[in-house]
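Enquirer: One structure follows; several queries about it will come next.
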Amino acid sequence: MSKFFDYELADDYHISYTKVSLSNELNYTTNFNIQNVSIFMRCGYNTRNKQRWIALTDRSGNVLLSQTFLQHKKECELNFNSNEYNLDYFVTLALKDESKVIPDNYDYINWANDFNLYFIGHEHDISERIKSNLTIVLVGNN
């Protein structure tokens with residue numbers, strides 16, 4: 001951490017949005033890039049709870065997000081392995097039609113009809129710079 005307040009942080013801070021289209025297939029795989037990092041995604045459907053899950057790995061098979069159920073308005077952060085790629089992202093489902101109301105008992109079997117998957121975040125280095133600035137502001141170590 002830097003001992004000096006980082007005044008250039010505001011200029012460097014940019015949030016990235018990566019949209020991933022979904023499929024209504026019960027189980028499938030797909031791949032895409034986030035900041036030039038190849039991400040492999042497995043998707044599945046659980047008939048008992050009527051929910052969809054995803055699991056994310058990198059090219060080498062390192063887990064970036066273990067099998068996780070997704071729901072509307074839920075944010076799921078990538079794990080510590082993503083820091084190796086300088087990624088600080090979370091994944092969330094976003095409605096294609098914002099006027100649609102999703103009930104609590106929504107069946108995600110045809111999730112592609114209603115949702116897109118978004119990866120939202122920035123470089124992990126930016127998070128470290130934010131923490132450093134926050135420490136300087138709160139503690140006064142400058």
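Following the order of the structure tokens, chains are lettered A, B, ..., residues in each are numbered from 1, and ligands are numbered from 1.
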Tell me, as a PyMOL selection string, which residues lie within 8 Å of range 21-34 of chain A, counting only C-alpha atoms; anything in the same chain fewer than 3 positions away does not count.

Expert: chain A and resi 18+37-45+109-113+115-117

Enquirer: List every residue of chain A that DSSP, applied to the backbone, labels as strand (DSSP E), and write the result as a PyMOL selection string.

Expert: chain A and resi 16-20+28-34+37-46+51-57+63-70+75-77+87-95+115-123

Enquirer: Can you pull out every residue from chain A that DSSP, working from the backbone, puts in helix (DSSP H, G or I), and format the result as a PyMOL selection string?

Expert: chain A and resi 9-12+80-85+108-113+124-139

Enquirer: How about saving the chosen residues, C-alpha atoms kept, as a PDB file, in the first residue's frame?

Expert:
```pdb
ATOM      1  CA  LEU A   9      -7.412   7.118  -8.773  1.00  0.00           C
ATOM      2  CA  ALA A  10     -10.538   8.970  -9.906  1.00  0.00           C
ATOM      3  CA  ASP A  11      -9.129   9.269 -13.431  1.00  0.00           C
ATOM      4  CA  ASP A  12      -8.192   5.571 -13.579  1.00  0.00           C
ATOM      5  CA  PHE A  80      -9.392 -15.092  -4.968  1.00  0.00           C
ATOM      6  CA  ASN A  81      -8.086 -16.870  -8.090  1.00  0.00           C
ATOM      7  CA  SER A  82      -9.432 -13.988 -10.156  1.00  0.00           C
ATOM      8  CA  ASN A  83      -6.925 -11.664  -8.449  1.00  0.00           C
ATOM      9  CA  GLU A  84      -4.138 -13.519 -10.274  1.00  0.00           C
ATOM     10  CA  TYR A  85      -5.623 -12.104 -13.481  1.00  0.00           C
ATOM     11  CA  TYR A 108     -35.347 -20.336 -14.079  1.00  0.00           C
ATOM     12  CA  ILE A 109     -35.640 -23.165 -16.637  1.00  0.00           C
ATOM     13  CA  ASN A 110     -36.076 -20.655 -19.503  1.00  0.00           C
ATOM     14  CA  TRP A 111     -33.865 -17.967 -18.024  1.00  0.00           C
ATOM     15  CA  ALA A 112     -32.549 -16.848 -21.408  1.00  0.00           C
ATOM     16  CA  ASN A 113     -36.013 -15.475 -22.217  1.00  0.00           C
ATOM     17  CA  HIS A 124      -8.016  -5.669  -8.911  1.00  0.00           C
ATOM     18  CA  ASP A 125      -5.200  -3.107  -8.712  1.00  0.00           C
ATOM     19  CA  ILE A 126      -7.864  -0.391  -8.562  1.00  0.00           C
ATOM     20  CA  SER A 127      -9.402  -2.058  -5.486  1.00  0.00           C
ATOM     21  CA  GLU A 128      -6.016  -2.034  -3.777  1.00  0.00           C
ATOM     22  CA  ARG A 129      -5.583   1.655  -4.548  1.00  0.00           C
ATOM     23  CA  ILE A 130      -9.076   2.372  -3.150  1.00  0.00           C
ATOM     24  CA  LYS A 131      -8.206   0.514   0.072  1.00  0.00           C
ATOM     25  CA  SER A 132      -4.967   2.454   0.390  1.00  0.00           C
ATOM     26  CA  ASN A 133      -6.732   5.799  -0.036  1.00  0.00           C
ATOM     27  CA  LEU A 134      -9.417   4.775   2.442  1.00  0.00           C
ATOM     28  CA  THR A 135      -6.799   3.827   5.026  1.00  0.00           C
ATOM     29  CA  ILE A 136      -5.079   7.194   4.600  1.00  0.00           C
ATOM     30  CA  VAL A 137      -8.401   9.049   4.996  1.00  0.00           C
ATOM     31  CA  LEU A 138      -9.578   7.044   8.019  1.00  0.00           C
ATOM     32  CA  VAL A 139      -6.282   6.647   9.883  1.00  0.00           C
TER      33      VAL A 139
END
```

Enquirer: Tell me which of A:Leu93, A:Ile102, A:Leu87, A:Ile15 sits closest to Phe69 in chain A, counting only C-alpha atoms.

Expert: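 Comparing A:Leu93, A:Ile102, A:Leu87, A:Ile15 against Phe69 in chain A, the winner is A:Leu93.
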
Enquirer: Go through A:Val91, A:Leu70, A:Val101, A:Leu78 one by one, measure the shortest atom-to-atom distance of each to Arg52 in chain A using only C-alpha atoms, and give the residue with the smallest value.

Expert: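 Residue with the minimum atom-to-atom distance to Arg52 in chain A: A:Leu70.
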
Enquirer: Take CA of Asp107 in chain A and CA of Gln51 in chain A and report the distance between them in Å, one decimal.

Expert: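 Going from CA of Asp107 in chain A over to CA of Gln51 in chain A covers 6.5 Å.
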
Enquirer: In Å, rounded to a single decimal, give me how far CA of Asn49 in chain A is from CA of Gln67 in chain A.

Expert: 14.7 Å

Enquirer: Please measure the separation of CA of Ser60 in chain A and CA of Thr92 in chain A, giving the value in Å to one decimal.

Expert: 23.9 Å
